[in-house]
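K.L.:
Okay, here's the structure, questions in a sec.
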Amino acid sequence: MAATLHLLYFAWLRERIGTGEEHVAMPAGVDTVAGLLAWLRGRGAGYEAAFGTAAPVRCAINQEFATHDAAVAAGDEVAFFPPVTGG
Amino acid sequence: MAATLHLLYFAWLRERIGTGEEHVAMPAGVDTVAGLLAWLRGRGAGYEAAFGTAAPVRCAINQEFATHDAAVAAGDEVAFFPPVTGG
Amino acid sequence: MATIRVQAAPLDVGADIAALIADRHDIGGVGSFIGTVRNTAHGRRITAMTLEHYPGMTERAMAAIAAQAEQRWRLLGCTLVHRVGPMLPGETIVLVLAASAHRQDALEATAFLIDWLKTRAPFWKKESFADGGEAWVDAREADDLAAARWGALPAP
Amino acid sequence: MATIRVQAAPLDVGADIAALIADRHDIGGVGSFIGTVRNTAHGRRITAMTLEHYPGMTERAMAAIAAQAEQRWRLLGCTLVHRVGPMLPGETIVLVLAASAHRQDALEATAFLIDWLKTRAPFWKKESFADGGEAWVDAREADDLAAARWGALPAP
């Protein structure tokens with residue numbers, strides 16, 4: 001269980017991927033958000049539609065906002081979403 | 001009736017004078033707020049206590065703020081009060 | 001367009017907000033300031049506050065202030081309610097509401113409205129103290145400075 | 001000290017204001033911003049708005065924003081309530097309250113709280129239109145600029 005990532009998707013990313021949440025085995029060679037995004041794009045059409053566009057994608061690691069060069073490690077909760085629009 | 005002034009006093013001015021409102025015959029020679037104040041000071045101890053101090057006194061003529069050099073004419077409603085403190 | 005009220009009865013803030021936004025679906029935000037009676041001044045405990053005003057001129061001054069706000073910002077509604085007479089610590093003295101499609105307009109207009117209401121409407125506060133004394137509240141220079149940053153009130 | 005709430009139920013603004021000032025007689029003023037659902041966007045009529053959020057992170061982000069406000073201004077209380085799920089035009093999406101002994105602190109903190117809440121808490125709006133379409137709302141550069149004037153959020 002420790003060698004997994006808890007992935008969350010929100011708003012139109014969730015809709016394109018078709019799920020809001022999944023647990024995946026820690027992908028080999030991935031150690032940053034950018035690396036994780038590259039790996040996710042290869043997982044199918046929904047992921048490509050979500051991550052393969054010019055639209056900005058934001059990230060949070062363990063519920064704190066993170067940049068695309070932030071480190072990702074097994075056990076992390078990593079969320080992807082569009083820029084926030086609350087309030 | 002046209003040759004009178006309607007005078008109003010508020011807050012500590014009202015308390016020192018002992019009334020909040022009076023009608024007076026237009027005093028001879030008075031044509032500004034400053035002239036009216038000088039005339040009022042001579043009307044007794046309460047008026048002297050209200051107008052004879054260094055405390056700032058504000059004025060409104062016909063319900064609009066006015067300066068001490070503003071003109072006063074028979075028929076006007078003239079109010080005297082301390083700086084406002086509402087809100 | 002503005003709602004202007006001077007009243008002796010306690011304020012119902014929720015009701016005034018609801019009235020402002022009822023059936024106005026173009027409003028994006030409402031800025032608000034609620035002034036309440038504090039329980040101390042200059043280290044003395046306050047047991048009551050009494051608000052005196054100048055009936056007639058008060059409503060005119062409040063309407064002029066609201067009209068200024070409506071000229072300066074893109075407002076969709078504006079409410080000024082001021083209580084008069086005796087009131088207790090914790091009670092609401094004044095309510096300012098400014099509604100707009102845009103929150104910056106609503107919030108700036110709210111600040112303007114309370115700054116001018118405090119310095120350009122004929123209300124006077126008297127505090128009653130726990131030690132038995134009472135005193136008229138002095139005007140604060142800070143309030144004059146806050147009001148002055150919005151410029152002068154144009155001649156009527 | 002702050003009150004933070006995320007809820008599907010409609011907001012009762014009057015109740016939250018009353019709760020904030022109840023038994024707090026040292027409060028001189030409460031600044032407030034109430035965000036409401038507008039009925040049009042880009043010329044299309046809106047029939048409903050749906051708010052999605054990130055449970056867990058939302059509350060953390062809101063608490064961090066409130067803590068920042070309490071560090072920057074002399075606040076005596078602070079309330080952030082955000083609605084989630086489906087809602088209708090005219091309904092309240094968000095309520096911000098900031099109480100202080102001094103109105104400038106209350107009003108500045110209110111502006112700060114709503115600017116940061118709009119740009120640093122994980123909520124997403126989806127609009128449903130009268131013509132049958134629906135669309136996620138794009139982030140506005142104006143909101144980022146408004147938030148940026150308060151400086152950067154310090155690292156946790």
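So you can find residues: chains in the structure tokens are A, B, ... in the order shown, residues in each start at 1, and ligands are numbered from 1 in order.
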Should the cut-off be 12 Å, what would the residue list for chain D against chain B look like, counting only C-alpha atoms, as a PyMOL selection string?
P.N.:
chain D and resi 28-29+103
K.L.:
Contacts of region 2-15 of chain C at 9 Å or less, counting only C-alpha atoms, minus same-chain residues fewer than 6 places along, as an MDAnalysis selection string?
P.N.:
(chainID C and resid 34 55 58:59 62:63 66:67 70 77:87 91:95) or (chainID D and resid 12:15 17:18)
K.L.:
Can I get the selection written as a CSV table (one decimal), in the first residue's frame, with N, CA, C and O atoms?
P.N.:
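Saved result, result-v4.csv, follows:
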chain,number,residue,atom,x,y,z
C,34,ILE,N,-21.3,46.6,9.5
C,34,ILE,CA,-22.3,46.7,10.7
C,34,ILE,C,-21.5,47.3,11.8
C,34,ILE,O,-20.5,46.7,12.3
C,55,PRO,N,-33.7,65.3,12.9
C,55,PRO,CA,-34.7,64.7,12.0
C,55,PRO,C,-34.9,65.6,10.8
C,55,PRO,O,-35.0,66.9,10.9
C,58,THR,N,-31.1,64.6,8.7
C,58,THR,CA,-30.5,63.3,8.7
C,58,THR,C,-30.8,62.5,7.4
C,58,THR,O,-29.9,62.0,6.8
C,59,GLU,N,-32.1,62.5,7.1
C,59,GLU,CA,-32.5,61.7,5.9
C,59,GLU,C,-31.9,62.3,4.7
C,59,GLU,O,-31.5,61.6,3.7
C,62,MET,N,-28.2,61.5,4.5
C,62,MET,CA,-28.0,60.1,4.1
C,62,MET,C,-28.3,59.8,2.7
C,62,MET,O,-27.6,59.1,2.0
C,63,ALA,N,-29.3,60.5,2.2
C,63,ALA,CA,-29.7,60.3,0.7
C,63,ALA,C,-28.6,60.9,-0.2
C,63,ALA,O,-28.3,60.3,-1.2
C,66,ALA,N,-25.7,58.4,-0.2
C,66,ALA,CA,-26.0,57.3,-1.0
C,66,ALA,C,-25.9,57.6,-2.5
C,66,ALA,O,-25.4,56.9,-3.3
C,67,ALA,N,-26.4,58.8,-2.8
C,67,ALA,CA,-26.4,59.3,-4.2
C,67,ALA,C,-25.0,59.4,-4.7
C,67,ALA,O,-24.7,59.1,-5.9
C,70,GLU,N,-23.7,56.0,-5.5
C,70,GLU,CA,-24.2,55.5,-6.7
C,70,GLU,C,-23.6,56.2,-8.0
C,70,GLU,O,-23.6,55.6,-9.0
C,77,GLY,N,-27.7,48.5,-5.8
C,77,GLY,CA,-28.5,48.7,-4.7
C,77,GLY,C,-27.7,49.2,-3.5
C,77,GLY,O,-26.5,48.9,-3.5
C,78,CYS,N,-28.3,49.8,-2.6
C,78,CYS,CA,-27.5,50.5,-1.5
C,78,CYS,C,-28.5,50.7,-0.4
C,78,CYS,O,-29.6,51.2,-0.6
C,79,THR,N,-28.1,50.3,0.8
C,79,THR,CA,-29.0,50.4,2.0
C,79,THR,C,-28.2,51.1,3.1
C,79,THR,O,-27.1,50.7,3.4
C,80,LEU,N,-28.8,52.1,3.7
C,80,LEU,CA,-28.2,52.8,4.9
C,80,LEU,C,-29.3,52.8,6.0
C,80,LEU,O,-30.4,53.4,5.8
C,81,VAL,N,-29.0,52.2,7.1
C,81,VAL,CA,-30.0,52.2,8.2
C,81,VAL,C,-29.2,52.6,9.5
C,81,VAL,O,-28.1,52.1,9.8
C,82,HIS,N,-29.7,53.6,10.1
C,82,HIS,CA,-29.1,54.1,11.4
C,82,HIS,C,-30.1,54.1,12.5
C,82,HIS,O,-31.2,54.6,12.3
C,83,ARG,N,-29.6,53.5,13.6
C,83,ARG,CA,-30.5,53.5,14.8
C,83,ARG,C,-30.3,54.8,15.6
C,83,ARG,O,-29.3,55.4,15.6
C,84,VAL,N,-31.4,55.2,16.2
C,84,VAL,CA,-31.4,56.4,17.1
C,84,VAL,C,-32.0,56.0,18.5
C,84,VAL,O,-32.7,55.0,18.6
C,85,GLY,N,-31.8,56.9,19.5
C,85,GLY,CA,-32.3,56.6,20.8
C,85,GLY,C,-31.3,55.7,21.6
C,85,GLY,O,-30.2,55.6,21.3
C,86,PRO,N,-31.8,55.2,22.7
C,86,PRO,CA,-30.9,54.4,23.6
C,86,PRO,C,-30.7,53.0,23.1
C,86,PRO,O,-31.6,52.4,22.5
C,87,MET,N,-29.5,52.5,23.3
C,87,MET,CA,-29.2,51.1,22.9
C,87,MET,C,-28.1,50.6,23.8
C,87,MET,O,-27.4,51.3,24.6
C,91,GLU,N,-25.4,45.8,20.6
C,91,GLU,CA,-26.4,46.1,19.6
C,91,GLU,C,-25.9,46.8,18.4
C,91,GLU,O,-24.8,47.5,18.5
C,92,THR,N,-26.6,46.7,17.3
C,92,THR,CA,-26.2,47.3,16.1
C,92,THR,C,-26.6,48.8,16.0
C,92,THR,O,-27.8,49.1,16.2
C,93,ILE,N,-25.7,49.7,15.7
C,93,ILE,CA,-26.0,51.1,15.6
C,93,ILE,C,-26.3,51.4,14.1
C,93,ILE,O,-27.2,52.2,13.8
C,94,VAL,N,-25.5,50.8,13.2
C,94,VAL,CA,-25.6,51.3,11.8
C,94,VAL,C,-25.4,50.1,10.9
C,94,VAL,O,-24.6,49.1,11.2
C,95,LEU,N,-26.1,50.1,9.8
C,95,LEU,CA,-25.9,49.1,8.8
C,95,LEU,C,-25.7,49.7,7.4
C,95,LEU,O,-26.5,50.6,7.0
D,12,ASP,N,-27.7,31.2,6.0
D,12,ASP,CA,-28.5,32.2,6.8
D,12,ASP,C,-27.5,33.3,7.3
D,12,ASP,O,-26.9,33.1,8.4
D,13,VAL,N,-27.4,34.3,6.5
D,13,VAL,CA,-26.4,35.4,6.8
D,13,VAL,C,-26.7,36.0,8.1
D,13,VAL,O,-25.8,36.2,8.9
D,14,GLY,N,-27.9,36.3,8.4
D,14,GLY,CA,-28.3,37.0,9.7
D,14,GLY,C,-27.9,36.1,10.9
D,14,GLY,O,-27.3,36.7,11.9
D,15,ALA,N,-28.0,34.8,10.8
D,15,ALA,CA,-27.7,34.0,11.9
D,15,ALA,C,-26.2,33.9,12.1
D,15,ALA,O,-25.7,33.9,13.2
D,17,ILE,N,-24.0,36.4,11.3
D,17,ILE,CA,-23.6,37.7,11.9
D,17,ILE,C,-24.0,37.7,13.4
D,17,ILE,O,-23.2,38.1,14.2
D,18,ALA,N,-25.2,37.2,13.7
D,18,ALA,CA,-25.6,37.2,15.1
D,18,ALA,C,-24.6,36.4,16.0
D,18,ALA,O,-24.3,36.7,17.1
K.L.:
Wanna dump the chain D-chain C contacts at 6 Å for me, each residue with its shortest atom pair and the distance in Å to one decimal, counting only C-alpha atoms, ordered by chain and number, as a Markdown table?
P.N.:
| residue | atom | partner | partner_atom | distance |
| --- | --- | --- | --- | --- |
| D:Val13 | CA | C:Gly14 | CA | 6.0 |
| D:Gly14 | CA | C:Gly14 | CA | 3.9 |
| D:His25 | CA | C:Gly90 | CA | 4.7 |
| D:Asp26 | CA | C:Arg38 | CA | 4.9 |
| D:Ile27 | CA | C:Arg38 | CA | 5.8 |
| D:Gly28 | CA | C:Thr36 | CA | 5.1 |
| D:Gly29 | CA | C:Gly35 | CA | 4.3 |
| D:Val30 | CA | C:Ile34 | CA | 5.0 |
| D:Gly31 | CA | C:Phe33 | CA | 4.6 |
| D:Ser32 | CA | C:Ser32 | CA | 4.8 |
| D:Phe33 | CA | C:Gly31 | CA | 4.6 |
| D:Ile34 | CA | C:Val30 | CA | 5.0 |
| D:Gly35 | CA | C:Gly29 | CA | 4.3 |
| D:Thr36 | CA | C:Gly28 | CA | 5.1 |
| D:Arg38 | CA | C:Asp26 | CA | 4.9 |
| D:Asn39 | CA | C:His25 | CA | 5.2 |
| D:Pro89 | CA | C:His25 | CA | 5.7 |
| D:Gly90 | CA | C:His25 | CA | 4.7 |
K.L.:
Give me the residues within 9 Å of Lys126 (chain D) as a list in words, counting only C-alpha atoms and dropping any in the same chain fewer than 2 places off.
P.N.:
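Listed by chain and then number, they are Ala11 of chain A; Ala48, Met49, Thr50, Leu51, Glu52, Trp124, Ser128, Glu134, Ala135, Trp136 and Val137 of chain D.
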K.L.:
Where in region 16-100 of chain D does DSSP assign alpha helix (DSSP H), given as number ranges by chain?
P.N.:
D: 16-21, 57-72
K.L.:
Leaving out His68 (chain A) and any residue of its chain fewer than 4 positions from it, which residues lie within 8 Å of it when counting only C-alpha atoms, given as an mmCIF file with all heavy atoms, in the first residue's frame?
P.N.:
data_model
loop_
_atom_site.group_PDB
_atom_site.id
_atom_site.type_symbol
_atom_site.label_atom_id
_atom_site.label_comp_id
_atom_site.auth_asym_id
_atom_site.auth_seq_id
_atom_site.Cartn_x
_atom_site.Cartn_y
_atom_site.Cartn_z
ATOM 1 N N THR A 32 8.415 13.686 -9.895
ATOM 2 C CA THR A 32 7.893 15.064 -9.818
ATOM 3 C C THR A 32 6.468 15.081 -10.376
ATOM 4 O O THR A 32 6.029 14.134 -11.044
ATOM 5 C CB THR A 32 8.720 16.064 -10.661
ATOM 6 O OG1 THR A 32 8.609 15.667 -12.042
ATOM 7 C CG2 THR A 32 10.189 16.077 -10.244
ATOM 8 N N VAL A 33 5.783 16.209 -10.124
ATOM 9 C CA VAL A 33 4.443 16.394 -10.676
ATOM 10 C C VAL A 33 4.498 16.335 -12.203
ATOM 11 O O VAL A 33 3.662 15.682 -12.840
ATOM 12 C CB VAL A 33 3.857 17.745 -10.198
ATOM 13 C CG1 VAL A 33 2.549 18.066 -10.918
ATOM 14 C CG2 VAL A 33 3.637 17.728 -8.682
ATOM 15 N N ALA A 34 5.484 16.986 -12.778
ATOM 16 C CA ALA A 34 5.606 17.000 -14.238
ATOM 17 C C ALA A 34 5.778 15.579 -14.778
ATOM 18 O O ALA A 34 5.169 15.201 -15.790
ATOM 19 C CB ALA A 34 6.786 17.880 -14.664
ATOM 20 N N CYS A 59 -2.123 21.774 -9.268
ATOM 21 C CA CYS A 59 -1.852 20.551 -8.523
ATOM 22 C C CYS A 59 -1.798 20.823 -7.027
ATOM 23 O O CYS A 59 -1.420 21.931 -6.612
ATOM 24 C CB CYS A 59 -0.502 20.006 -9.003
ATOM 25 S SG CYS A 59 0.067 18.566 -8.090
#
K.L.:
Which distance in Å separates CA of Pro56 (chain A) and CA of Glu21 (chain A), to one decimal?
P.N.:
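Straight-line distance from CA of Pro56 (chain A) to CA of Glu21 (chain A) works out to 19.7 Å.
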K.L.:
Within region 6-82 of chain A, find each residue whose DSSP state, derived from the backbone, is strand (DSSP E), and express the selection as a PyMOL selection string.
P.N.:
chain A and resi 6-9+21-25+58-61+64-66+77-81
K.L.:
Please save N, CA, C and O atoms of the selected residues as a PDB file, in the first residue's frame.
P.N.:
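After the write, again38.pdb holds the following:
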ATOM      1  N   HIS A   6      -2.315   8.205  -4.313  1.00  0.00           N
ATOM      2  CA  HIS A   6      -3.750   8.468  -4.267  1.00  0.00           C
ATOM      3  C   HIS A   6      -4.003   9.678  -5.161  1.00  0.00           C
ATOM      4  O   HIS A   6      -3.563  10.778  -4.849  1.00  0.00           O
ATOM      5  N   LEU A   7      -4.656   9.437  -6.301  1.00  0.00           N
ATOM      6  CA  LEU A   7      -4.856  10.518  -7.275  1.00  0.00           C
ATOM      7  C   LEU A   7      -6.291  11.034  -7.221  1.00  0.00           C
ATOM      8  O   LEU A   7      -7.242  10.248  -7.131  1.00  0.00           O
ATOM      9  N   LEU A   8      -6.443  12.359  -7.291  1.00  0.00           N
ATOM     10  CA  LEU A   8      -7.762  13.000  -7.288  1.00  0.00           C
ATOM     11  C   LEU A   8      -7.858  13.955  -8.473  1.00  0.00           C
ATOM     12  O   LEU A   8      -6.883  14.618  -8.816  1.00  0.00           O
ATOM     13  N   TYR A   9      -9.044  13.992  -9.092  1.00  0.00           N
ATOM     14  CA  TYR A   9      -9.279  14.893 -10.234  1.00  0.00           C
ATOM     15  C   TYR A   9     -10.550  15.692  -9.986  1.00  0.00           C
ATOM     16  O   TYR A   9     -11.556  15.126  -9.512  1.00  0.00           O
ATOM     17  N   GLU A  21     -11.258   9.867  -8.597  1.00  0.00           N
ATOM     18  CA  GLU A  21     -10.320   9.356  -7.598  1.00  0.00           C
ATOM     19  C   GLU A  21      -9.826   7.979  -8.007  1.00  0.00           C
ATOM     20  O   GLU A  21     -10.590   7.154  -8.480  1.00  0.00           O
ATOM     21  N   GLU A  22      -8.528   7.741  -7.825  1.00  0.00           N
ATOM     22  CA  GLU A  22      -8.018   6.387  -8.052  1.00  0.00           C
ATOM     23  C   GLU A  22      -6.712   6.201  -7.278  1.00  0.00           C
ATOM     24  O   GLU A  22      -6.052   7.173  -6.896  1.00  0.00           O
ATOM     25  N   HIS A  23      -6.411   4.929  -7.027  1.00  0.00           N
ATOM     26  CA  HIS A  23      -5.133   4.588  -6.405  1.00  0.00           C
ATOM     27  C   HIS A  23      -4.310   3.863  -7.464  1.00  0.00           C
ATOM     28  O   HIS A  23      -4.812   2.947  -8.109  1.00  0.00           O
ATOM     29  N   VAL A  24      -3.071   4.304  -7.662  1.00  0.00           N
ATOM     30  CA  VAL A  24      -2.214   3.647  -8.666  1.00  0.00           C
ATOM     31  C   VAL A  24      -0.884   3.282  -8.016  1.00  0.00           C
ATOM     32  O   VAL A  24      -0.441   3.947  -7.075  1.00  0.00           O
ATOM     33  N   ALA A  25      -0.296   2.213  -8.533  1.00  0.00           N
ATOM     34  CA  ALA A  25       1.052   1.864  -8.079  1.00  0.00           C
ATOM     35  C   ALA A  25       2.001   2.982  -8.490  1.00  0.00           C
ATOM     36  O   ALA A  25       1.868   3.550  -9.582  1.00  0.00           O
ATOM     37  N   ARG A  58      -3.650  22.794 -12.395  1.00  0.00           N
ATOM     38  CA  ARG A  58      -3.043  23.054 -11.097  1.00  0.00           C
ATOM     39  C   ARG A  58      -2.945  21.741 -10.320  1.00  0.00           C
ATOM     40  O   ARG A  58      -3.626  20.763 -10.642  1.00  0.00           O
ATOM     41  N   CYS A  59      -2.123  21.774  -9.268  1.00  0.00           N
ATOM     42  CA  CYS A  59      -1.852  20.551  -8.523  1.00  0.00           C
ATOM     43  C   CYS A  59      -1.798  20.823  -7.027  1.00  0.00           C
ATOM     44  O   CYS A  59      -1.420  21.931  -6.612  1.00  0.00           O
ATOM     45  N   ALA A  60      -2.189  19.842  -6.243  1.00  0.00           N
ATOM     46  CA  ALA A  60      -1.945  19.889  -4.803  1.00  0.00           C
ATOM     47  C   ALA A  60      -1.355  18.558  -4.376  1.00  0.00           C
ATOM     48  O   ALA A  60      -1.764  17.500  -4.873  1.00  0.00           O
ATOM     49  N   ILE A  61      -0.367  18.600  -3.513  1.00  0.00           N
ATOM     50  CA  ILE A  61       0.220  17.387  -2.941  1.00  0.00           C
ATOM     51  C   ILE A  61      -0.104  17.372  -1.458  1.00  0.00           C
ATOM     52  O   ILE A  61       0.192  18.333  -0.744  1.00  0.00           O
ATOM     53  N   GLU A  64      -1.853  20.505  -0.183  1.00  0.00           N
ATOM     54  CA  GLU A  64      -1.230  21.830  -0.270  1.00  0.00           C
ATOM     55  C   GLU A  64      -0.923  22.102  -1.745  1.00  0.00           C
ATOM     56  O   GLU A  64      -0.415  21.219  -2.441  1.00  0.00           O
ATOM     57  N   PHE A  65      -1.191  23.356  -2.192  1.00  0.00           N
ATOM     58  CA  PHE A  65      -0.871  23.696  -3.579  1.00  0.00           C
ATOM     59  C   PHE A  65       0.606  23.404  -3.860  1.00  0.00           C
ATOM     60  O   PHE A  65       1.473  23.637  -3.016  1.00  0.00           O
ATOM     61  N   ALA A  66       0.888  22.871  -5.058  1.00  0.00           N
ATOM     62  CA  ALA A  66       2.265  22.520  -5.420  1.00  0.00           C
ATOM     63  C   ALA A  66       2.507  22.906  -6.878  1.00  0.00           C
ATOM     64  O   ALA A  66       1.575  22.948  -7.691  1.00  0.00           O
ATOM     65  N   GLU A  77      -0.940  11.957  -1.588  1.00  0.00           N
ATOM     66  CA  GLU A  77      -2.237  12.265  -2.192  1.00  0.00           C
ATOM     67  C   GLU A  77      -1.984  13.413  -3.173  1.00  0.00           C
ATOM     68  O   GLU A  77      -1.565  14.494  -2.775  1.00  0.00           O
ATOM     69  N   VAL A  78      -2.192  13.142  -4.467  1.00  0.00           N
ATOM     70  CA  VAL A  78      -1.905  14.159  -5.489  1.00  0.00           C
ATOM     71  C   VAL A  78      -3.196  14.490  -6.231  1.00  0.00           C
ATOM     72  O   VAL A  78      -3.854  13.596  -6.772  1.00  0.00           O
ATOM     73  N   ALA A  79      -3.556  15.770  -6.225  1.00  0.00           N
ATOM     74  CA  ALA A  79      -4.806  16.212  -6.865  1.00  0.00           C
ATOM     75  C   ALA A  79      -4.501  17.117  -8.049  1.00  0.00           C
ATOM     76  O   ALA A  79      -3.595  17.939  -7.987  1.00  0.00           O
ATOM     77  N   PHE A  80      -5.269  16.944  -9.131  1.00  0.00           N
ATOM     78  CA  PHE A  80      -5.157  17.819 -10.300  1.00  0.00           C
ATOM     79  C   PHE A  80      -6.494  18.501 -10.545  1.00  0.00           C
ATOM     80  O   PHE A  80      -7.554  17.865 -10.418  1.00  0.00           O
ATOM     81  N   PHE A  81      -6.423  19.775 -10.919  1.00  0.00           N
ATOM     82  CA  PHE A  81      -7.653  20.547 -11.097  1.00  0.00           C
ATOM     83  C   PHE A  81      -7.358  21.809 -11.898  1.00  0.00           C
ATOM     84  O   PHE A  81      -6.213  22.251 -11.976  1.00  0.00           O
TER      85      PHE A  81
END
K.L.:
Please provide as a JSON list (two decimals) with N, CA and C atoms, in the first residue's frame all residues within 12 Å of Thr119 (chain C), with the sequence filter that same-chain residues fewer than 4 positions apart are discarded (counting only C-alpha atoms).
P.N.:
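Result file is result.json:
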[["chain", "number", "residue", "atom", "x", "y", "z"],
["B", 58, "ARG", "N", -20.49, 73.39, 14.95],
["B", 58, "ARG", "CA", -20.85, 73.28, 13.54],
["B", 58, "ARG", "C", -22.24, 73.84, 13.31],
["B", 65, "PHE", "N", -25.10, 71.64, 5.68],
["B", 65, "PHE", "CA", -23.95, 72.13, 6.42],
["B", 65, "PHE", "C", -23.52, 73.50, 5.89],
["B", 82, "PRO", "N", -22.28, 70.05, 17.86],
["B", 82, "PRO", "CA", -20.85, 69.67, 17.82],
["B", 82, "PRO", "C", -20.56, 68.86, 16.56],
["B", 83, "PRO", "N", -19.27, 68.65, 16.25],
["B", 83, "PRO", "CA", -18.94, 67.75, 15.14],
["B", 83, "PRO", "C", -19.67, 66.43, 15.29],
["B", 84, "VAL", "N", -20.13, 65.87, 14.17],
["B", 84, "VAL", "CA", -20.99, 64.69, 14.24],
["B", 84, "VAL", "C", -20.19, 63.44, 14.62],
["B", 85, "THR", "N", -20.88, 62.48, 15.26],
["B", 85, "THR", "CA", -20.21, 61.27, 15.76],
["B", 85, "THR", "C", -21.06, 60.02, 15.55],
["B", 86, "GLY", "N", -21.81, 59.98, 14.47],
["B", 86, "GLY", "CA", -22.64, 58.80, 14.22],
["B", 86, "GLY", "C", -21.86, 57.66, 13.61],
["B", 87, "GLY", "N", -22.61, 56.69, 13.14],
["B", 87, "GLY", "CA", -22.01, 55.55, 12.43],
["B", 87, "GLY", "C", -21.51, 54.47, 13.35],
["C", 58, "THR", "N", -31.11, 64.60, 8.71],
["C", 58, "THR", "CA", -30.48, 63.28, 8.72],
["C", 58, "THR", "C", -30.78, 62.52, 7.43],
["C", 61, "ALA", "N", -29.14, 64.10, 4.42],
["C", 61, "ALA", "CA", -27.69, 63.86, 4.37],
["C", 61, "ALA", "C", -27.42, 62.41, 3.95],
["C", 62, "MET", "N", -28.19, 61.47, 4.49],
["C", 62, "MET", "CA", -27.99, 60.06, 4.13],
["C", 62, "MET", "C", -28.29, 59.83, 2.66],
["C", 65, "ILE", "N", -25.40, 61.13, 0.57],
["C", 65, "ILE", "CA", -24.24, 60.24, 0.64],
["C", 65, "ILE", "C", -24.46, 59.01, -0.25],
["C", 112, "PHE", "N", -16.62, 53.71, 1.59],
["C", 112, "PHE", "CA", -16.99, 55.12, 1.38],
["C", 112, "PHE", "C", -18.24, 55.49, 2.18],
["C", 113, "LEU", "N", -19.26, 54.67, 2.10],
["C", 113, "LEU", "CA", -20.54, 54.98, 2.75],
["C", 113, "LEU", "C", -20.39, 55.11, 4.26],
["C", 114, "ILE", "N", -19.64, 54.21, 4.89],
["C", 114, "ILE", "CA", -19.52, 54.31, 6.35],
["C", 114, "ILE", "C", -18.60, 55.48, 6.72],
["C", 115, "ASP", "N", -17.55, 55.73, 5.93],
["C", 115, "ASP", "CA", -16.67, 56.87, 6.23],
["C", 115, "ASP", "C", -17.45, 58.19, 6.19],
["C", 123, "PHE", "N", -25.59, 62.92, 13.38],
["C", 123, "PHE", "CA", -25.84, 62.03, 14.53],
["C", 123, "PHE", "C", -24.82, 62.37, 15.62],
["C", 124, "TRP", "N", -25.26, 62.22, 16.87],
["C", 124, "TRP", "CA", -24.34, 62.44, 18.00],
["C", 124, "TRP", "C", -24.54, 61.33, 19.02],
["C", 138, "ASP", "N", -16.50, 62.48, 21.55],
["C", 138, "ASP", "CA", -15.79, 63.47, 20.72],
["C", 138, "ASP", "C", -15.60, 62.93, 19.31],
["C", 139, "ALA", "N", -15.67, 63.82, 18.34],
["C", 139, "ALA", "CA", -15.37, 63.44, 16.96],
["C", 139, "ALA", "C", -13.90, 63.03, 16.89],
["C", 140, "ARG", "N", -13.61, 62.02, 16.07],
["C", 140, "ARG", "CA", -12.26, 61.51, 15.95],
["C", 140, "ARG", "C", -11.61, 62.04, 14.68],
["C", 141, "GLU", "N", -10.39, 62.53, 14.84],
["C", 141, "GLU", "CA", -9.65, 63.01, 13.68],
["C", 141, "GLU", "C", -9.46, 61.89, 12.66],
["C", 142, "ALA", "N", -9.29, 60.67, 13.16],
["C", 142, "ALA", "CA", -9.11, 59.52, 12.26],
["C", 142, "ALA", "C", -10.31, 59.35, 11.34],
["C", 143, "ASP", "N", -11.50, 59.65, 11.85],
["C", 143, "ASP", "CA", -12.70, 59.55, 11.01],
["C", 143, "ASP", "C", -12.70, 60.62, 9.93],
["C", 144, "ASP", "N", -12.25, 61.83, 10.29],
["C", 144, "ASP", "CA", -12.18, 62.90, 9.30],
["C", 144, "ASP", "C", -11.18, 62.55, 8.19],
["C", 145, "LEU", "N", -10.05, 61.98, 8.59],
["C", 145, "LEU", "CA", -9.05, 61.60, 7.60],
["C", 145, "LEU", "C", -9.58, 60.49, 6.70],
["C", 146, "ALA", "N", -10.27, 59.53, 7.29],
["C", 146, "ALA", "CA", -10.83, 58.43, 6.50],
["C", 146, "ALA", "C", -11.84, 58.98, 5.49],
["C", 147, "ALA", "N", -12.64, 59.93, 5.93],
["C", 147, "ALA", "CA", -13.66, 60.49, 5.04],
["C", 147, "ALA", "C", -13.03, 61.34, 3.94],
["C", 148, "ALA", "N", -11.93, 62.04, 4.31],
["C", 148, "ALA", "CA", -11.32, 62.99, 3.37],
["C", 148, "ALA", "C", -10.68, 62.28, 2.19],
["C", 150, "TRP", "N", -11.84, 60.31, 0.25],
["C", 150, "TRP", "CA", -12.79, 60.18, -0.87],
["C", 150, "TRP", "C", -13.06, 61.51, -1.54],
["C", 152, "ALA", "N", -14.11, 65.80, -1.59],
["C", 152, "ALA", "CA", -15.12, 66.67, -0.99],
["C", 152, "ALA", "C", -16.52, 66.32, -1.49],
["C", 153, "LEU", "N", -17.50, 66.59, -0.63],
["C", 153, "LEU", "CA", -18.91, 66.46, -1.03],
["C", 153, "LEU", "C", -19.24, 67.64, -1.93]]
